[in-house]
>>> print(open('run33.cif').read())   # mmCIF, C-alpha atoms
data_final
loop_
_atom_site.label_atom_id
_atom_site.label_comp_id
_atom_site.auth_asym_id
_atom_site.auth_seq_id
_atom_site.Cartn_x
_atom_site.Cartn_y
_atom_site.Cartn_z
CA MET A 1 0.00 0.00 0.00
CA VAL A 2 1.30 3.45 -0.90
CA THR A 3 2.10 5.48 2.19
CA GLU A 4 0.95 9.02 2.71
CA ASN A 5 3.16 11.97 1.92
CA ASN A 6 3.04 14.14 5.05
CA SER A 7 4.37 17.27 3.35
CA ILE A 8 2.15 20.30 3.86
CA TYR A 9 2.07 20.62 0.08
CA SER A 10 0.71 17.11 -0.35
CA PHE A 11 -2.91 16.25 -1.18
CA HIS A 12 -2.60 13.43 1.34
CA PHE A 13 -1.69 15.92 4.07
CA TRP A 14 -4.80 18.03 3.53
CA ALA A 15 -7.05 15.01 3.01
CA ARG A 16 -5.85 13.55 6.32
CA TRP A 17 -6.83 16.67 8.25
CA TYR A 18 -10.09 17.00 6.34
CA PHE A 19 -11.23 13.54 7.49
CA ILE A 20 -10.05 14.10 11.05
CA ALA A 21 -12.05 17.34 11.10
CA LEU A 22 -14.98 15.44 9.58
CA VAL A 23 -15.24 13.12 12.60
CA LEU A 24 -15.12 16.20 14.82
CA SER A 25 -17.67 18.03 12.66
CA PRO A 26 -20.47 17.95 15.30
CA LEU A 27 -18.22 20.02 17.59
CA ILE A 28 -16.84 22.17 14.77
CA CYS A 29 -20.35 22.92 13.53
CA PHE A 30 -21.41 23.78 17.09
CA ILE A 31 -18.70 26.45 17.18
CA ASP A 32 -19.66 27.55 13.67
CA TYR A 33 -23.35 27.79 14.63
CA HIS A 34 -22.52 30.24 17.43
CA SER A 35 -20.05 32.27 15.36
CA ILE A 36 -19.98 32.62 11.55
CA ASP A 37 -22.89 30.19 10.98
CA GLN A 38 -21.86 28.75 7.62
CA GLY A 39 -23.14 25.23 8.16
CA PHE A 40 -21.88 21.76 7.26
CA GLU A 41 -22.50 22.13 3.50
CA ARG A 42 -20.26 25.16 3.14
CA LEU A 43 -17.56 24.10 5.58
CA PHE A 44 -17.16 20.49 4.49
CA GLY A 45 -19.08 20.28 1.21
CA GLY A 46 -17.68 23.33 -0.54
CA THR A 47 -14.20 22.42 0.69
CA ILE A 48 -14.26 18.90 -0.75
CA VAL A 49 -15.56 20.11 -4.15
CA PHE A 50 -12.68 22.59 -4.35
CA PHE A 51 -10.23 19.90 -3.19
CA ALA A 52 -11.48 17.44 -5.84
CA LEU A 53 -11.11 20.04 -8.59
CA MET A 54 -7.53 20.79 -7.52
CA LEU A 55 -6.73 17.07 -7.43
CA LEU A 56 -8.16 16.59 -10.91
CA ILE A 57 -6.21 19.54 -12.29
CA ALA A 58 -2.96 18.40 -10.65
CA ARG A 59 -3.24 14.77 -11.75
CA GLY A 60 -4.88 15.26 -15.13
CA THR A 61 -7.77 13.20 -16.48
CA GLY A 62 -5.44 10.46 -17.67
CA ASN A 63 -4.02 9.74 -14.23
CA VAL A 64 -7.12 9.46 -12.08
CA VAL A 65 -9.75 6.80 -11.41
CA PHE A 66 -13.32 7.48 -12.59
CA ARG A 67 -15.64 4.82 -11.22
CA ASN A 68 -19.07 4.32 -12.78
CA TYR A 69 -20.97 6.07 -9.99
CA LEU A 70 -19.29 9.42 -10.74
CA PRO A 71 -21.02 10.11 -14.09
CA ALA A 72 -24.26 8.76 -12.60
CA GLY A 73 -23.98 11.27 -9.76
CA ILE A 74 -23.18 14.15 -12.12
CA ILE A 75 -26.22 13.36 -14.28
CA LEU A 76 -28.44 13.20 -11.18
CA ALA A 77 -27.08 16.54 -9.96
CA LEU A 78 -27.85 18.10 -13.34
CA TYR A 79 -31.40 16.72 -13.17
CA TYR A 80 -31.99 18.26 -9.73
CA THR A 81 -30.39 21.52 -10.85
CA THR A 82 -32.61 21.68 -13.93
CA TRP A 83 -35.68 21.59 -11.72
CA ASP A 84 -34.15 24.29 -9.51
CA LEU A 85 -33.61 26.47 -12.56
CA VAL A 86 -37.19 25.94 -13.70
CA LEU A 87 -38.82 26.60 -10.33
CA TRP A 88 -36.44 28.93 -8.53
CA GLN A 89 -34.73 30.95 -11.24
CA ASP A 90 -34.62 33.97 -8.92
CA VAL A 91 -32.47 32.04 -6.42
CA ILE A 92 -29.99 30.98 -9.10
CA ALA A 93 -29.90 34.51 -10.49
CA ARG A 94 -29.28 36.00 -7.06
CA LYS A 95 -26.59 33.56 -5.90
CA GLY A 96 -25.16 32.40 -9.20
CA VAL A 97 -24.55 28.99 -10.74
CA PHE A 98 -20.97 28.99 -9.38
CA TYR A 99 -22.35 29.27 -5.83
CA GLU A 100 -24.85 26.47 -6.44
CA PHE A 101 -22.14 24.23 -7.92
CA PHE A 102 -20.11 24.19 -4.72
CA LEU A 103 -23.18 23.67 -2.52
CA ASN A 104 -24.88 20.95 -4.57
CA ARG A 105 -24.90 18.00 -2.16
CA THR A 106 -24.99 15.44 -4.97
CA LEU A 107 -21.88 16.99 -6.53
CA GLN A 108 -20.32 17.11 -3.08
CA THR A 109 -20.84 13.35 -2.88
CA VAL A 110 -19.29 12.92 -6.32
CA ALA A 111 -16.33 15.01 -5.17
CA VAL A 112 -15.65 13.03 -2.00
CA LEU A 113 -15.99 9.71 -3.86
CA PHE A 114 -13.48 10.98 -6.43
CA VAL A 115 -11.05 12.02 -3.69
CA VAL A 116 -11.12 8.76 -1.72
CA ASP A 117 -10.79 6.73 -4.93
CA ASN A 118 -7.68 8.63 -5.98
CA LEU A 119 -5.75 8.89 -2.73
CA THR A 120 -4.38 6.21 -0.43
CA PHE A 121 -4.68 6.41 3.33
CA SER A 122 -2.48 5.02 6.07
CA ASP A 123 -3.32 2.49 8.75
CA LYS A 124 -2.47 5.14 11.30
CA LEU A 125 -5.10 7.56 9.98
CA ILE A 126 -7.82 4.90 10.04
CA ASP A 127 -6.87 3.97 13.61
CA VAL A 128 -7.05 7.64 14.64
CA LEU A 129 -10.46 8.04 13.01
CA VAL A 130 -11.82 4.97 14.80
CA ARG A 131 -10.57 6.27 18.15
CA LEU A 132 -12.18 9.64 17.49
CA MET A 133 -15.47 8.00 16.47
CA LYS A 134 -15.50 5.96 19.67
CA GLY A 135 -14.88 9.11 21.68
CA LEU A 136 -17.69 10.87 19.85
CA ILE A 137 -20.13 8.05 20.67
CA VAL A 138 -19.13 8.13 24.35
CA LEU A 139 -19.66 11.90 24.35
CA GLY A 140 -22.95 11.39 22.52
CA ALA A 141 -24.18 8.97 25.19
CA ILE A 142 -23.31 11.47 27.94
CA VAL A 143 -25.13 14.29 26.13
CA SER A 144 -28.14 12.01 25.49
CA LEU A 145 -28.28 11.20 29.20
CA LEU A 146 -28.26 14.92 30.04
CA GLN A 147 -31.02 15.46 27.48
CA VAL A 148 -33.12 12.83 29.25
CA VAL A 149 -32.59 13.91 32.85
CA HIS A 150 -32.03 17.65 32.40
CA ASP A 151 -33.18 19.27 29.14
CA PRO A 152 -34.16 17.51 25.88
CA PHE A 153 -32.74 20.46 23.95
CA PHE A 154 -29.39 20.64 25.70
CA PHE A 155 -26.67 21.06 23.05
CA THR A 156 -29.33 21.41 20.33
CA PRO A 157 -29.80 24.12 17.67
CA GLU A 158 -32.44 26.65 18.67
CA LYS A 159 -34.19 26.35 15.31
CA PHE A 160 -34.80 22.65 15.97
CA ARG A 161 -36.30 23.40 19.37
CA GLU A 162 -38.68 25.88 17.74
CA SER A 163 -39.67 23.25 15.17
CA MET A 164 -40.39 20.66 17.86
CA LEU A 165 -42.48 23.10 19.88
CA HIS A 166 -44.44 23.96 16.74
CA TYR A 167 -45.56 20.32 16.50
CA ASP A 168 -46.07 20.02 20.29
CA TRP A 169 -43.28 17.44 20.44
CA GLY A 170 -41.01 19.67 22.46
CA THR A 171 -43.03 19.12 25.65
CA ASN A 172 -43.83 15.42 25.16
CA VAL A 173 -41.04 13.23 26.55
CA LEU A 174 -42.25 10.28 24.46
CA HIS A 175 -42.05 12.15 21.15
CA VAL A 176 -39.34 14.78 21.51
CA ARG A 177 -36.32 14.05 19.31
CA ARG A 178 -33.12 14.10 21.31
CA LEU A 179 -30.30 14.80 18.88
CA SER A 180 -27.47 13.92 21.26
CA VAL A 181 -24.30 15.66 20.08
CA PHE A 182 -25.15 15.32 16.38
CA GLY A 183 -27.65 18.13 15.81
CA PHE A 184 -25.36 20.90 14.58
CA THR A 185 -24.22 19.19 11.38
CA ASP A 186 -27.77 18.21 10.36
CA VAL A 187 -30.83 17.29 12.41
CA ASN A 188 -30.94 13.96 10.55
CA ASP A 189 -27.40 12.99 11.49
CA VAL A 190 -28.41 10.90 14.49
CA GLY A 191 -29.67 8.46 11.88
CA LEU A 192 -27.52 9.16 8.85
CA SER A 193 -24.12 9.80 10.45
CA PHE A 194 -24.18 8.36 13.95
CA LEU A 195 -25.53 4.96 12.84
CA PRO A 196 -23.04 4.61 9.93
CA MET A 197 -20.27 5.32 12.46
CA VAL A 198 -21.58 2.46 14.61
CA ALA A 199 -21.36 0.17 11.57
CA LEU A 200 -17.81 1.33 10.81
CA ILE A 201 -16.56 0.81 14.36
CA THR A 202 -18.19 -2.61 14.56
CA GLY A 203 -16.76 -3.69 11.20
CA TYR A 204 -13.31 -2.36 12.09
CA GLU A 205 -13.18 -4.09 15.49
CA ILE A 206 -14.19 -7.42 13.95
CA LYS A 207 -11.79 -7.09 11.03
CA GLU A 208 -8.75 -5.74 12.89
CA ARG A 209 -9.23 -6.81 16.53
CA ASP A 210 -11.32 -9.97 16.13
CA ARG A 211 -13.83 -8.75 18.71
CA ILE A 212 -17.28 -7.21 18.95
CA PRO A 213 -17.28 -3.69 20.50
CA VAL A 214 -19.95 -4.52 23.09
CA LEU A 215 -19.64 -1.31 25.13
CA ILE A 216 -19.88 0.90 22.03
CA LEU A 217 -22.97 -1.01 20.87
CA ILE A 218 -24.64 -0.59 24.27
CA LEU A 219 -23.95 3.16 24.32
CA ALA A 220 -25.13 3.44 20.72
CA PHE A 221 -28.33 1.56 21.53
CA PHE A 222 -29.00 3.99 24.37
CA ILE A 223 -28.56 6.99 22.06
CA ALA A 224 -30.89 5.40 19.50
CA VAL A 225 -33.60 4.52 22.02
CA VAL A 226 -33.82 7.89 23.76
CA ASN A 227 -33.81 9.73 20.42
CA ASN A 228 -37.44 8.49 20.05
CA SER A 229 -37.29 8.10 16.24
CA ARG A 230 -38.35 4.57 15.42
CA TYR A 231 -36.46 4.47 12.13
CA ILE A 232 -33.29 5.19 14.14
CA GLN A 233 -34.15 2.60 16.77
CA LEU A 234 -34.65 -0.06 14.10
CA GLY A 235 -31.77 1.32 12.05
CA PHE A 236 -29.47 0.51 14.96
CA PHE A 237 -29.81 -3.18 14.10
CA VAL A 238 -28.81 -2.47 10.50
CA ALA A 239 -25.74 -0.61 11.77
CA ALA A 240 -24.86 -3.44 14.16
CA ALA A 241 -25.17 -6.08 11.41
CA PRO A 242 -21.38 -6.35 10.79
CA ALA A 243 -21.28 -8.20 14.13
CA LEU A 244 -23.01 -11.11 12.40
CA PHE A 245 -19.80 -11.71 10.42
CA TYR A 246 -17.64 -12.14 13.53
CA GLN A 247 -15.31 -15.08 12.85
CA LYS A 248 -17.47 -15.86 9.79
CA ARG A 249 -20.01 -17.76 11.91
CA ILE A 250 -23.21 -16.05 10.81
CA LEU A 251 -25.70 -18.60 12.19
CA ARG A 252 -24.08 -18.78 15.61
CA ASN A 253 -23.73 -15.01 15.75
CA SER A 254 -27.38 -14.56 14.79
CA LEU A 255 -28.48 -16.73 17.72
CA VAL A 256 -26.14 -14.90 20.08
CA ALA A 257 -27.45 -11.57 18.74
CA VAL A 258 -31.05 -12.54 19.52
CA VAL A 259 -30.13 -13.45 23.10
CA GLY A 260 -27.98 -10.34 23.42
CA LEU A 261 -30.82 -8.21 22.11
CA VAL A 262 -33.21 -9.53 24.74
CA VAL A 263 -30.66 -8.89 27.49
CA MET A 264 -29.89 -5.39 26.15
CA VAL A 265 -33.58 -4.47 25.90
CA LEU A 266 -34.20 -5.62 29.48
CA PHE A 267 -31.11 -3.78 30.68
CA MET A 268 -32.13 -0.64 28.80
CA GLY A 269 -35.63 -0.88 30.28
CA VAL A 270 -34.13 -0.86 33.78
CA VAL A 271 -31.90 2.11 32.91
CA LEU A 272 -34.80 4.07 31.45
CA GLN A 273 -36.93 3.34 34.50
CA ILE A 274 -34.16 4.58 36.78
CA ILE A 275 -33.71 7.86 34.90
CA GLY A 276 -37.42 8.64 34.96
CA TYR A 277 -39.13 6.90 32.03
CA ASP A 278 -42.42 5.07 32.48
CA VAL A 279 -41.40 2.14 30.29
CA SER A 280 -44.90 0.66 29.93
CA GLN A 281 -46.27 4.05 28.91
CA TYR A 282 -43.38 4.44 26.46
CA VAL A 283 -44.17 1.11 24.82
CA GLU A 284 -47.92 1.77 24.61
CA GLU A 285 -47.89 5.44 23.60
CA ARG A 286 -44.75 5.63 21.51
CA LEU A 287 -43.63 2.28 20.14
CA LEU A 288 -47.19 1.06 19.54
CA ASP A 289 -48.95 4.34 18.77
CA GLU A 290 -50.95 4.93 15.60
CA SER A 291 -48.56 7.29 13.82
CA GLY A 292 -48.19 4.59 11.17
CA GLY A 293 -51.30 6.24 9.77
CA THR A 294 -49.06 8.93 8.29
CA ARG A 295 -47.51 6.24 6.08
CA ILE A 296 -50.95 5.08 4.96
CA LEU A 297 -51.79 8.71 4.23
CA ALA A 298 -48.56 8.95 2.21
CA PHE A 299 -49.73 6.14 -0.06
CA GLU A 300 -53.16 7.73 -0.44
CA ILE A 301 -51.75 11.12 -1.39
CA PHE A 302 -49.19 9.54 -3.70
CA MET A 303 -51.77 7.47 -5.58
CA ARG A 304 -53.97 10.53 -5.95
CA PHE A 305 -51.42 13.04 -7.27
CA PHE A 306 -48.53 11.04 -8.77
CA PRO A 307 -50.39 10.14 -12.02
CA GLU A 308 -50.59 13.84 -12.89
CA ASN A 309 -46.79 14.08 -13.45
CA PRO A 310 -45.41 10.53 -13.54
CA TYR A 311 -42.34 10.98 -15.76
CA PHE A 312 -40.56 14.14 -14.59
CA GLY A 313 -42.44 14.86 -11.35
CA THR A 314 -43.25 18.29 -10.01
CA GLY A 315 -39.76 19.33 -8.92
CA GLN A 316 -41.27 20.20 -5.54
CA HIS A 317 -41.49 18.30 -2.31
CA LEU A 318 -45.01 19.62 -1.72
CA THR A 319 -47.36 21.38 -4.11
CA ASP A 320 -50.24 23.58 -2.99
CA ASP A 321 -52.72 20.85 -3.90
CA VAL A 322 -50.88 18.26 -1.81
CA ILE A 323 -50.67 20.61 1.18
CA ILE A 324 -54.43 21.12 1.01
CA ALA A 325 -55.07 17.38 0.66
CA ILE A 326 -52.82 16.51 3.63
CA ALA A 327 -54.77 19.03 5.76
CA ASN A 328 -52.25 19.09 8.63
CA ARG A 329 -52.50 15.33 9.11
CA SER A 330 -48.80 15.05 8.29
CA SER A 331 -45.90 17.32 7.39
CA GLN A 332 -45.22 15.60 4.04
CA ILE A 333 -45.58 12.46 1.95
CA HIS A 334 -43.95 10.49 4.73
CA VAL A 335 -42.31 7.70 2.71
CA GLY A 336 -39.05 8.81 1.12
CA TYR A 337 -39.28 6.73 -2.04
CA LEU A 338 -42.88 7.75 -2.75
CA SER A 339 -42.00 11.37 -2.10
CA HIS A 340 -39.06 11.18 -4.52
CA LEU A 341 -41.27 9.65 -7.21
CA PHE A 342 -43.80 12.44 -6.72
CA SER A 343 -41.14 15.15 -6.77
CA TYR A 344 -38.89 13.87 -9.59
CA GLY A 345 -40.92 11.26 -11.43
CA PHE A 346 -39.81 7.95 -12.89
CA ILE A 347 -36.83 9.52 -14.65
CA GLY A 348 -35.41 11.35 -11.66
CA THR A 349 -35.99 8.40 -9.37
CA PHE A 350 -34.29 6.03 -11.82
CA LEU A 351 -31.27 8.34 -11.86
CA ALA A 352 -31.22 8.51 -8.05
CA PHE A 353 -31.53 4.75 -7.67
CA LEU A 354 -28.78 4.28 -10.25
CA PHE A 355 -26.40 6.54 -8.32
CA TRP A 356 -27.22 5.08 -4.92
CA GLY A 357 -27.25 1.55 -6.32
CA LEU A 358 -23.80 1.85 -7.90
CA ILE A 359 -22.40 3.12 -4.60
CA THR A 360 -24.06 0.22 -2.77
CA ARG A 361 -22.67 -2.29 -5.26
CA ARG A 362 -19.17 -0.89 -4.81
CA LEU A 363 -19.42 -1.13 -1.01
CA TRP A 364 -20.80 -4.67 -1.19
CA LEU A 365 -18.02 -5.86 -3.52
CA VAL A 366 -15.42 -4.38 -1.16
CA ALA A 367 -17.11 -6.13 1.78
CA ARG A 368 -17.11 -9.50 0.04
CA ARG A 369 -13.50 -9.16 -1.10
CA THR A 370 -12.01 -7.79 2.12
CA GLY A 371 -14.28 -9.04 4.90
CA PHE A 372 -14.96 -5.47 6.07
CA TYR A 373 -18.74 -5.00 6.16
CA GLY A 374 -18.85 -1.70 8.05
CA SER A 375 -19.15 0.57 5.01
CA PHE A 376 -21.82 -1.55 3.34
CA PHE A 377 -24.14 -1.72 6.34
CA GLY A 378 -23.42 1.92 7.16
CA PHE A 379 -24.78 2.86 3.74
CA MET A 380 -27.71 0.45 4.09
CA VAL A 381 -28.90 2.67 6.95
CA PHE A 382 -29.62 5.31 4.28
CA TRP A 383 -31.72 2.86 2.24
CA TRP A 384 -33.66 1.88 5.35
CA ALA A 385 -34.16 5.49 6.50
CA ASN A 386 -36.11 6.47 3.39
CA VAL A 387 -38.71 3.79 4.06
CA THR A 388 -40.13 6.20 6.64
CA MET A 389 -38.35 9.56 6.36
CA VAL A 390 -37.58 11.84 3.42
CA TYR A 391 -33.88 12.57 2.85
CA TYR A 392 -32.05 12.14 -0.46
CA TRP A 393 -28.51 13.35 0.18
CA VAL A 394 -25.78 10.77 0.65
CA PHE A 395 -23.38 13.48 1.77
CA THR A 396 -23.36 13.24 5.57
CA PHE A 397 -20.22 12.93 7.64
CA GLY A 398 -21.02 9.34 8.59
CA LEU A 399 -21.68 8.22 5.01
CA ILE A 400 -18.54 10.02 3.82
CA LEU A 401 -16.53 7.97 6.32
CA CYS A 402 -18.13 4.84 4.83
CA TYR A 403 -16.70 5.78 1.41
CA LEU A 404 -13.29 6.44 2.94
CA PHE A 405 -13.11 3.13 4.84
CA ALA A 406 -14.24 1.14 1.78
CA SER A 407 -11.54 2.78 -0.34
CA TYR A 408 -8.94 2.15 2.37
CA TYR A 409 -9.73 -1.56 2.64
CA ASP A 410 -9.97 -1.95 -1.12
CA SER A 411 -6.52 -0.38 -1.60
CA LYS A 412 -5.10 -2.46 1.24
CA GLU A 413 -6.42 -5.67 -0.31
CA GLU A 414 -4.98 -4.77 -3.71
CA SER A 415 -1.56 -4.06 -2.22
CA VAL A 416 -1.59 -7.48 -0.53
#
>>> encode(input="run33.cif", output="structure tokens")
Amino acid sequence: MVTENNSIYSFHFWARWYFIALVLSPLICFIDYHSIDQGFERLFGGTIVFFALMLLIARGTGNVVFRNYLPAGIILALYYTTWDLVLWQDVIARKGVFYEFFLNRTLQTVAVLFVVDNLTFSDKLIDVLVRLMKGLIVLGAIVSLLQVVHDPFFFTPEKFRESMLHYDWGTNVLHVRRLSVFGFTDVNDVGLSFLPMVALITGYEIKERDRIPVLILILAFFIAVVNNSRYIQLGFFVAAAPALFYQKRILRNSLVAVVGLVVMVLFMGVVLQIIGYDVSQYVEERLLDESGGTRILAFEIFMRFFPENPYFGTGQHLTDDVIIAIANRSSQIHVGYLSHLFSYGFIGTFLAFLFWGLITRRLWLVARRTGFYGSFFGFMVFWWANVTMVYYWVFTFGLILCYLFASYYDSKEESV
């Protein structure tokens, strides 16, 4: 494996510090939120697009790797941008296409995939990143505990608190979303960055240490449970799935996982009872409540309005007609895939599935070849999330780390 060049003038040098900062992005974005307030997209997204362009210019098109998901991502970005031009021409005119280019989250994903495919990373960097991720999860568990016993909005962006209070969730302990330490990068990062990190740590410990990180999984389960989002609670098991490949004994590990799950649920029930939860009320009024009706409503609204624009969609998440039809019974078409079909039609959804699918295929092939399943199951959290929520960007700090780790293990296998 090619070692990193640590010169300050080296692309490897800057990439190393970019990914270290990425793991620390919840804390960096907290400082940013209370100072210059640029946000994750500008700080980390704009930076990686610029970095990718410089790498391409320095290497030249003949000396870089272009995997098949890169053109798929570029085409998808152009499709989204075309709708933006059609519907929000005033925004493009005011900010400029150059501005939109650097802040297009699909192009940001293309950029980071290009970077990790064309640089090699040292064992030392990966070890540092894993240590930092573990520390972040420990910190996240502490903050989640404070959010349970002290204030659900401790270490949380004020705008999210206002949103929760608008829906009366801010005063309901069974429904309030506790974002742990992950709220300042994106309010969805408890699911789409924290859970991929759990998958990466689990996969790394099994691959490199031949052990299951039990303590990290317990802390992660606690963060997922008290968050109150059921897609995150169930997504935890997707993120923990690399543990099934421990010593390549999938059947045995599955049986142990079932027993371990029962023990962990009972243990977590005792912990929640101690810190003030009425567990029986939580099960009845939160886990078994009737909010699944919003998904049924999503299908009803989709079947009613989708046939009007089936090929290209509407370009909008919600039209005036849909808002009227929902009548405050939900905030949106609450199934991500149906919402994407409504917004971007068969063509846009095909392009999105092509891009996401090619990334998934790449991560799966790396997993099969190397035995490292962390990146694959980390990305599968995204696929699972859109069964219930609506979020189409595969540029979150946790998913970015999945791309990095897959590239690292792929390069390491090739060198062997």
>>> closest_atom_pairs(input="run33.cif", of="range 180-221 of chain A", to="range 141-158 of chain A", cutoff="6 Å", atoms="all atoms listed in the file", output="tab-separated table")
residue	atom	partner	partner_atom	distance
A:Ser180	CA	A:Ser144	CA	4.7
A:Gly183	CA	A:Thr156	CA	5.8
A:Leu219	CA	A:Ala141	CA	5.9
>>> closest_residue(input="run33.cif", among="A:Tyr79, A:Phe51, A:Phe306, A:Tyr344", to="Ser10 in chain A", atoms="all atoms listed in the file")
A:Phe51
>>> closest_residue(input="run33.cif", among="A:Asn227, A:Asn253, A:Thr319, A:Thr120", to="Arg177 in chain A", atoms="only C-alpha atoms")
A:Asn227
>>> atom_distance(input="run33.cif", atom1="CA of Ala352 in chain A", atom2="CA of Gly315 in chain A")
13.8 Å
>>> resolve_selection(input="run33.cif", expression="the PyMOL selection byres ((chain A and resi 27) around 10)", output="VMD selection string")
chain A and resid 21 to 26 28 to 33 136 181 to 185
>>> write_last_selection(input="run33.cif", atoms="C-alpha atoms", output="PDB file, in the coordinates of the input")
ATOM      1  CA  ALA A  21     -12.050  17.340  11.100  1.00  0.00           C
ATOM      2  CA  LEU A  22     -14.980  15.440   9.580  1.00  0.00           C
ATOM      3  CA  VAL A  23     -15.240  13.120  12.600  1.00  0.00           C
ATOM      4  CA  LEU A  24     -15.120  16.200  14.820  1.00  0.00           C
ATOM      5  CA  SER A  25     -17.670  18.030  12.660  1.00  0.00           C
ATOM      6  CA  PRO A  26     -20.470  17.950  15.300  1.00  0.00           C
ATOM      7  CA  ILE A  28     -16.840  22.170  14.770  1.00  0.00           C
ATOM      8  CA  CYS A  29     -20.350  22.920  13.530  1.00  0.00           C
ATOM      9  CA  PHE A  30     -21.410  23.780  17.090  1.00  0.00           C
ATOM     10  CA  ILE A  31     -18.700  26.450  17.180  1.00  0.00           C
ATOM     11  CA  ASP A  32     -19.660  27.550  13.670  1.00  0.00           C
ATOM     12  CA  TYR A  33     -23.350  27.790  14.630  1.00  0.00           C
ATOM     13  CA  LEU A 136     -17.690  10.870  19.850  1.00  0.00           C
ATOM     14  CA  VAL A 181     -24.300  15.660  20.080  1.00  0.00           C
ATOM     15  CA  PHE A 182     -25.150  15.320  16.380  1.00  0.00           C
ATOM     16  CA  GLY A 183     -27.650  18.130  15.810  1.00  0.00           C
ATOM     17  CA  PHE A 184     -25.360  20.900  14.580  1.00  0.00           C
ATOM     18  CA  THR A 185     -24.220  19.190  11.380  1.00  0.00           C
TER      19      THR A 185
END
>>> resolve_selection(input="run33.cif", expression="the PyMOL selection byres ((chain A and resi 197-203) around 8)", output="ChimeraX atom specification")
/A:130,133-134,193-196,204-207,212-213,216-217,220,238-243,372-375,377-378,398,401-402,405
>>> residues_around(input="run33.cif", residues="Leu56 in chain A", least_positions_apart="2", cutoff="12 Å", atoms="only C-alpha atoms", output="PyMOL selection string")
chain A and resi 11+49-54+58-66+111+114-115+117-119
>>> resolve_selection(input="run33.cif", expression="the PyMOL selection byres ((chain A and resi 379-393) around 10)", output="PyMOL selection string")
chain A and resi 104-106+108-109+188+191-193+195-196+199+230-232+234-239+292+294-295+298+317+332-340+352+356-357+359-360+363-364+374-378+394-396+398-400+402-403
>>> axis_aligned_box(input="run33.cif", around="range 350-368 of chain A", padding_each_side="8 Å", output="JSON")
{"center_x": -24.9, "center_y": -0.5, "center_z": -5.0, "size_x": 34.9, "size_y": 34.0, "size_z": 29.6}
>>> residues_around(input="run33.cif", residues="Ile347 in chain A", least_positions_apart="2", cutoff="12 Å", atoms="all atoms listed in the file", output="list in words")
Ile75, Leu76, Tyr79, Tyr80, Asn309, Pro310, Tyr311, Phe312, Gly313, Thr314, Gly315, His340, Leu341, Phe342, Ser343, Tyr344, Gly345, Thr349, Phe350, Leu351, Ala352, Phe353 and Leu354 of chain A
>>> residues_around(input="run33.cif", residues="range 264-267 of chain A", least_positions_apart="4", cutoff="9 Å", atoms="only C-alpha atoms", output="PyMOL selection string")
chain A and resi 218+221+259-260+271-272
>>> atom_distance(input="run33.cif", atom1="CA of Ile126 in chain A", atom2="CA of Arg42 in chain A")
24.8 Å
>>> closest_residue(input="run33.cif", among="A:Val173, A:Ile223, A:Ala77, A:Val110", to="Ile137 in chain A", atoms="only C-alpha atoms")
A:Ile223
>>> atom_distance(input="run33.cif", atom1="CA of Ser122 in chain A", atom2="CA of Gly371 in chain A")
18.4 Å
>>> residues_around(input="run33.cif", residues="range 408-411 of chain A", least_positions_apart="2", cutoff="7 Å", atoms="all atoms listed in the file", output="ChimeraX atom specification")
/A:1,120-121,366,370,404-406,413-415
>>> closest_residue(input="run33.cif", among="A:Phe160, A:Ile250, A:Ala72, A:Leu129", to="Phe19 in chain A", atoms="only C-alpha atoms")
A:Leu129
>>> build_atoms(input="run33.cif", residues="range 248-257 of chain A", atoms="N, CA and C atoms", output="PDB file, in the frame of the given file")
ATOM      1  N   LYS A 248     -16.783 -15.237  10.924  1.00  0.00           N
ATOM      2  CA  LYS A 248     -17.470 -15.860   9.790  1.00  0.00           C
ATOM      3  C   LYS A 248     -18.467 -16.945  10.214  1.00  0.00           C
ATOM      4  N   ARG A 249     -19.033 -16.790  11.408  1.00  0.00           N
ATOM      5  CA  ARG A 249     -20.010 -17.760  11.910  1.00  0.00           C
ATOM      6  C   ARG A 249     -21.366 -17.053  12.019  1.00  0.00           C
ATOM      7  N   ILE A 250     -22.010 -16.883  10.884  1.00  0.00           N
ATOM      8  CA  ILE A 250     -23.210 -16.050  10.810  1.00  0.00           C
ATOM      9  C   ILE A 250     -24.361 -16.657  11.605  1.00  0.00           C
ATOM     10  N   LEU A 251     -24.579 -17.964  11.494  1.00  0.00           N
ATOM     11  CA  LEU A 251     -25.700 -18.600  12.190  1.00  0.00           C
ATOM     12  C   LEU A 251     -25.522 -18.509  13.703  1.00  0.00           C
ATOM     13  N   ARG A 252     -24.335 -18.863  14.170  1.00  0.00           N
ATOM     14  CA  ARG A 252     -24.080 -18.780  15.610  1.00  0.00           C
ATOM     15  C   ARG A 252     -24.222 -17.340  16.095  1.00  0.00           C
ATOM     16  N   ASN A 253     -23.661 -16.408  15.348  1.00  0.00           N
ATOM     17  CA  ASN A 253     -23.730 -15.010  15.750  1.00  0.00           C
ATOM     18  C   ASN A 253     -25.159 -14.488  15.750  1.00  0.00           C
ATOM     19  N   SER A 254     -25.978 -14.980  14.834  1.00  0.00           N
ATOM     20  CA  SER A 254     -27.380 -14.560  14.790  1.00  0.00           C
ATOM     21  C   SER A 254     -28.113 -15.000  16.058  1.00  0.00           C
ATOM     22  N   LEU A 255     -27.842 -16.236  16.498  1.00  0.00           N
ATOM     23  CA  LEU A 255     -28.480 -16.730  17.720  1.00  0.00           C
ATOM     24  C   LEU A 255     -27.995 -15.949  18.942  1.00  0.00           C
ATOM     25  N   VAL A 256     -26.689 -15.686  18.976  1.00  0.00           N
ATOM     26  CA  VAL A 256     -26.140 -14.900  20.080  1.00  0.00           C
ATOM     27  C   VAL A 256     -26.721 -13.483  20.062  1.00  0.00           C
ATOM     28  N   ALA A 257     -26.907 -12.929  18.867  1.00  0.00           N
ATOM     29  CA  ALA A 257     -27.450 -11.570  18.740  1.00  0.00           C
ATOM     30  C   ALA A 257     -28.871 -11.499  19.282  1.00  0.00           C
TER      31      ALA A 257
END
